[in-house]
>>> print(open('final_24.txt').read())   # compact mmCIF, C-alpha atoms
# COMPACT_ATOMS: atom_id res chain seq x y z
CA MET W 1 0.31 14.41 -69.85
CA LYS W 2 -2.58 12.05 -69.49
CA PHE W 3 -3.13 9.99 -66.34
CA SER W 4 -4.88 6.71 -66.73
CA SER W 5 -5.79 4.12 -64.16
CA ALA W 6 -3.11 1.84 -65.59
CA ASN W 7 -0.42 4.47 -64.82
CA LEU W 8 -1.73 5.18 -61.29
CA LEU W 9 -2.02 1.54 -60.20
CA PRO W 10 1.74 0.93 -59.64
CA LEU W 11 2.04 4.25 -57.78
CA LEU W 12 -0.94 3.37 -55.57
CA LEU W 13 0.48 -0.11 -54.85
CA LEU W 14 3.89 1.37 -53.87
CA THR W 15 2.21 3.88 -51.53
CA LEU W 16 0.14 1.12 -49.91
CA LEU W 17 3.21 -1.10 -49.55
CA ALA W 18 5.20 1.75 -47.89
CA ALA W 19 2.34 2.47 -45.46
CA LEU W 20 2.01 -1.24 -44.61
CA THR W 21 5.76 -1.52 -44.00
CA PHE W 22 5.70 1.54 -41.70
CA TRP W 23 2.71 0.13 -39.75
CA LEU W 24 4.33 -3.33 -39.44
CA ASP W 25 7.56 -1.76 -38.12
CA ARG W 26 5.63 0.18 -35.45
CA ALA W 27 3.47 -2.81 -34.46
CA THR W 28 6.47 -5.04 -33.82
CA GLN W 29 8.24 -2.39 -31.66
CA ILE W 30 5.39 -1.84 -29.16
CA GLY W 31 6.24 -4.85 -26.98
CA THR W 32 10.03 -4.64 -27.25
CA GLY W 33 12.90 -2.25 -27.51
CA ARG W 34 11.58 1.23 -26.87
CA GLN W 35 9.03 0.16 -24.26
CA GLY W 36 10.55 -2.78 -22.47
CA GLY W 37 9.24 -4.10 -19.15
CA HIS W 38 11.26 -1.58 -17.13
CA GLU W 39 9.65 1.46 -18.79
CA ARG W 40 6.02 0.22 -18.53
CA HIS W 41 4.07 -0.06 -15.30
CA ASP W 42 3.17 -3.74 -15.71
CA PRO W 43 3.42 -6.26 -12.85
CA ASP W 44 6.41 -8.57 -13.16
CA PHE W 45 4.90 -11.01 -10.65
CA ILE W 46 1.53 -11.66 -9.03
CA VAL W 47 0.92 -13.67 -5.84
CA ASN W 48 -2.54 -14.73 -4.61
CA ASN W 49 -3.60 -15.66 -1.05
CA PHE W 50 -0.24 -15.55 0.70
CA THR W 51 1.32 -15.30 4.16
CA VAL W 52 4.77 -13.88 4.95
CA ARG W 53 6.40 -14.30 8.37
CA ARG W 54 9.33 -12.23 9.66
CA PHE W 55 11.53 -13.48 12.50
CA ASN W 56 14.14 -11.64 14.58
CA LEU W 57 17.75 -12.83 14.97
CA ALA W 58 16.80 -14.91 18.03
CA GLY W 59 14.22 -16.79 15.94
CA ALA W 60 11.15 -15.23 17.57
CA LEU W 61 8.22 -14.27 15.34
CA GLU W 62 8.07 -10.47 14.82
CA GLN W 63 5.48 -9.93 12.05
CA VAL W 64 2.96 -11.84 9.96
CA LEU W 65 1.49 -10.42 6.74
CA THR W 66 -1.45 -12.10 5.01
CA ALA W 67 -3.27 -10.77 1.94
CA LYS W 68 -5.50 -11.75 -0.96
CA LYS W 69 -3.27 -10.50 -3.77
CA MET W 70 0.12 -8.88 -4.36
CA LEU W 71 1.37 -7.19 -7.54
CA HIS W 72 5.02 -6.15 -7.89
CA TYR W 73 6.11 -3.55 -10.48
CA ALA W 74 9.71 -3.56 -11.70
CA ASP W 75 9.70 -0.04 -13.18
CA ASP W 76 9.47 1.69 -9.76
CA ASP W 77 10.02 -1.33 -7.48
CA SER W 78 6.60 -0.79 -5.87
CA THR W 79 4.20 -3.43 -4.59
CA GLU W 80 0.39 -3.26 -4.37
CA VAL W 81 -1.31 -5.51 -1.81
CA SER W 82 -5.06 -6.20 -1.64
CA ALA W 83 -6.78 -6.74 1.73
CA PRO W 84 -3.58 -6.82 3.84
CA THR W 85 -3.56 -7.89 7.49
CA MET W 86 -0.32 -7.26 9.40
CA ILE W 87 0.18 -8.58 12.92
CA TYR W 88 3.10 -7.23 14.99
CA TYR W 89 4.31 -9.32 17.94
CA GLY W 90 6.51 -7.96 20.66
CA GLY W 91 6.30 -5.93 23.80
CA ASP W 92 3.49 -6.78 26.17
CA ARG W 93 0.78 -7.11 23.48
CA GLN W 94 0.26 -7.70 19.78
CA THR W 95 -0.93 -5.10 17.28
CA GLN W 96 -2.98 -5.86 14.16
CA VAL W 97 -3.31 -3.49 11.18
CA THR W 98 -5.82 -4.03 8.37
CA ALA W 99 -6.83 -2.06 5.25
CA ARG W 100 -8.43 -2.55 1.86
CA GLN W 101 -5.20 -1.71 -0.04
CA ALA W 102 -1.52 -1.13 0.65
CA LEU W 103 1.20 0.36 -1.53
CA LEU W 104 4.78 -0.53 -0.56
CA THR W 105 7.60 1.65 -1.85
CA ASP W 106 11.29 2.07 -1.07
CA LYS W 107 11.76 -1.70 -0.69
CA GLY W 108 8.96 -1.95 1.88
CA LYS W 109 10.34 0.80 4.13
CA GLU W 110 7.28 2.95 3.42
CA VAL W 111 3.73 1.56 3.33
CA LEU W 112 0.63 3.58 2.38
CA LEU W 113 -2.54 1.94 3.72
CA THR W 114 -5.86 3.06 2.20
CA GLY W 115 -9.52 2.22 2.70
CA ASP W 116 -10.96 1.28 6.10
CA VAL W 117 -7.59 1.36 7.87
CA ARG W 118 -7.88 -0.20 11.33
CA LEU W 119 -5.14 -0.56 13.95
CA VAL W 120 -6.02 -2.75 16.96
CA ARG W 121 -3.69 -3.09 19.96
CA ALA W 122 -4.71 -6.02 22.16
CA ALA W 123 -5.89 -5.49 25.73
CA THR W 124 -3.68 -6.18 28.74
CA ALA W 125 -4.54 -6.82 32.38
CA HIS W 126 -4.32 -3.05 33.00
CA ASP W 127 -5.43 -1.49 29.68
CA PRO W 128 -8.45 -2.19 27.45
CA GLU W 129 -8.11 -2.83 23.72
CA LEU W 130 -7.09 0.23 21.67
CA VAL W 131 -8.68 0.72 18.22
CA VAL W 132 -7.59 3.40 15.72
CA THR W 133 -9.65 3.89 12.54
CA THR W 134 -8.98 6.17 9.57
CA SER W 135 -9.21 6.13 5.78
CA GLU W 136 -5.47 6.44 5.11
CA MET W 137 -2.25 5.86 7.05
CA LYS W 138 1.45 5.91 6.17
CA VAL W 139 3.54 3.32 8.03
CA TYR W 140 7.33 3.03 8.35
CA PRO W 141 7.71 -0.56 9.67
CA ASP W 142 11.46 -0.52 10.36
CA LYS W 143 11.24 2.75 12.32
CA LYS W 144 7.97 1.65 14.01
CA LEU W 145 6.34 4.97 13.05
CA ALA W 146 2.97 5.75 11.47
CA SER W 147 1.10 8.91 10.51
CA SER W 148 -2.19 10.02 9.02
CA ASN W 149 -3.19 13.42 7.62
CA VAL W 150 -6.91 12.61 7.48
CA PRO W 151 -9.49 12.35 10.29
CA VAL W 152 -8.77 9.65 12.88
CA THR W 153 -10.84 8.04 15.64
CA ILE W 154 -9.25 6.38 18.68
CA VAL W 155 -11.34 4.18 20.98
CA GLN W 156 -10.00 2.61 24.18
CA GLY W 157 -12.60 1.14 26.49
CA GLN W 158 -15.30 3.83 26.86
CA SER W 159 -12.93 6.65 25.85
CA VAL W 160 -13.34 8.07 22.32
CA ILE W 161 -11.06 10.70 20.77
CA THR W 162 -11.17 12.15 17.25
CA GLY W 163 -8.58 14.30 15.51
CA GLY W 164 -7.62 15.76 12.17
CA GLY W 165 -4.58 13.49 11.90
CA LEU W 166 -2.27 11.24 13.88
CA GLU W 167 1.41 10.52 14.52
CA VAL W 168 2.31 7.21 16.20
CA ASP W 169 5.65 6.16 17.67
CA ASP W 170 5.32 2.48 18.51
CA LYS W 171 8.68 2.40 20.32
CA THR W 172 7.55 4.95 22.92
CA GLN W 173 3.84 3.99 22.70
CA VAL W 174 2.97 7.68 22.09
CA PHE W 175 -0.05 8.64 19.96
CA LYS W 176 -0.10 12.34 18.99
CA LEU W 177 -3.28 13.79 17.49
CA THR W 178 -2.81 16.62 14.99
CA GLY W 179 -5.31 19.22 13.90
CA ARG W 180 -8.50 19.79 15.81
CA ALA W 181 -9.12 17.13 18.49
CA HIS W 182 -12.22 16.26 20.47
CA GLY W 183 -12.85 13.46 22.90
CA ILE W 184 -14.34 11.93 26.00
CA ILE W 185 -11.84 10.18 28.29
CA TYR W 186 -12.93 7.88 31.11
CA ARG W 187 -10.57 7.16 34.00
CA ASN W 188 -10.04 3.62 35.13
CA LYS W 189 -11.07 3.97 38.80
CA VAL W 190 -9.60 0.60 39.79
CA ALA W 191 -6.09 1.39 38.52
CA THR W 192 -5.90 5.02 39.75
CA PRO W 193 -6.10 6.02 43.42
>>> encode(input="final_24.txt", output="structure tokens")
Amino acid sequence: MKFSSANLLPLLLLTLLAALTFWLDRATQIGTGRQGGHERHDPDFIVNNFTVRRFNLAGALEQVLTAKKMLHYADDDSTEVSAPTMIYYGGDRQTQVTARQALLTDKGKEVLLTGDVRLVRAATAHDPELVVTTSEMKVYPDKKLASSNVPVTIVQGQSVITGGGLEVDDKTQVFKLTGRAHGIIYRNKVATP
């Protein structure tokens, strides 16, 4: 049997048409069906330069969150926040927490702060300002708990303490250093007899 170009042309055109049909079917399914918005990690909304205020049942301001950008992802219900600043009101003084990034999971019940994390508790008449710095901190806002598994520095007045990690209970005002700790603590001679 002899093959000529005239006999091969229809076969070549059918092969090309089948390949084009297969490619077109795949190209139209990428954005729908098999990989819908819930399976991909794409933001479903983006908010720029925002402020959120949270009030208690009596109408008093409890928290204020400001940030440059927020991205929410529907696939895992997580939220990324750029340059967050959170201010907590209550008790005898306010506390401010800042970081470069925050990742909120579990409907905001767990917050991972990363990059230049800084917690500042305002001074009172009896206590100087308290500043905690670290590179990463996990915060549980509803439980008023925080922890860090990386090196931490705590400065209050002239006192400086460093540790391998930190556990904070804001309800009891207890800061527990974990790992190896080192520090210099100055007594307030006016307040102590």
>>> atom_distance(input="final_24.txt", atom1="CA of Pro141 (chain W)", atom2="CA of Tyr88 (chain W)")
9.7 Å
>>> closest_residue(input="final_24.txt", among="W:Ala102, W:Asp92, W:Ala58, W:Ser148", to="His126 (chain W)", atoms="all atoms listed in the file")
W:Asp92
>>> closest_residue(input="final_24.txt", among="W:Leu20, W:Leu177, W:Met86, W:Ile161", to="Ser147 (chain W)", atoms="all atoms listed in the file")
W:Leu177
>>> residues_near_point(input="final_24.txt", point="(-7.8, 4.9, 25.7)", cutoff="9 Å", atoms="all atoms listed in the file", output="number ranges by chain")
W: 127-131, 154-161, 185-186
>>> residues_around(input="final_24.txt", residues="Arg93 (chain W)", least_positions_apart="5", cutoff="7 Å", atoms="only C-alpha atoms", output="list in words")
Arg121, Ala122 and Thr124 of chain W
>>> atom_distance(input="final_24.txt", atom1="CA of Ala123 (chain W)", atom2="CA of Gln173 (chain W)")
13.9 Å
>>> atom_distance(input="final_24.txt", atom1="CA of Thr134 (chain W)", atom2="CA of Arg53 (chain W)")
25.6 Å
>>> closest_residue(input="final_24.txt", among="W:Asn56, W:Thr105, W:Asn149, W:Asn49", to="Thr85 (chain W)", atoms="only C-alpha atoms")
W:Asn49
>>> residues_around(input="final_24.txt", residues="Ile87 (chain W)", least_positions_apart="5", cutoff="8 Å", atoms="only C-alpha atoms", output="MDAnalysis selection string")
chainID W and resid 63:65 94:97
>>> closest_residue(input="final_24.txt", among="W:Gly91, W:Pro43, W:Pro84, W:Gly164", to="Leu112 (chain W)", atoms="all atoms listed in the file")
W:Pro84
>>> closest_residue(input="final_24.txt", among="W:Phe22, W:Phe50, W:Tyr73, W:Phe175", to="Thr153 (chain W)", atoms="only C-alpha atoms")
W:Phe175
>>> residues_around(input="final_24.txt", residues="Asp42 (chain W)", least_positions_apart="2", cutoff="8 Å", atoms="only C-alpha atoms", output="ChimeraX atom specification")
/W:37,40,44,73-75
>>> write_last_selection(input="final_24.txt", atoms="C-alpha atoms", output="PDB file, keeping the file's coordinate frame")
ATOM      1  CA  GLY W  37       9.240  -4.100 -19.150  1.00  0.00           C
ATOM      2  CA  ARG W  40       6.020   0.220 -18.530  1.00  0.00           C
ATOM      3  CA  ASP W  44       6.410  -8.570 -13.160  1.00  0.00           C
ATOM      4  CA  TYR W  73       6.110  -3.550 -10.480  1.00  0.00           C
ATOM      5  CA  ALA W  74       9.710  -3.560 -11.700  1.00  0.00           C
ATOM      6  CA  ASP W  75       9.700  -0.040 -13.180  1.00  0.00           C
TER       7      ASP W  75
END
>>> closest_residue(input="final_24.txt", among="W:Lys144, W:Arg180, W:His41, W:Lys109", to="His72 (chain W)", atoms="only C-alpha atoms")
W:His41
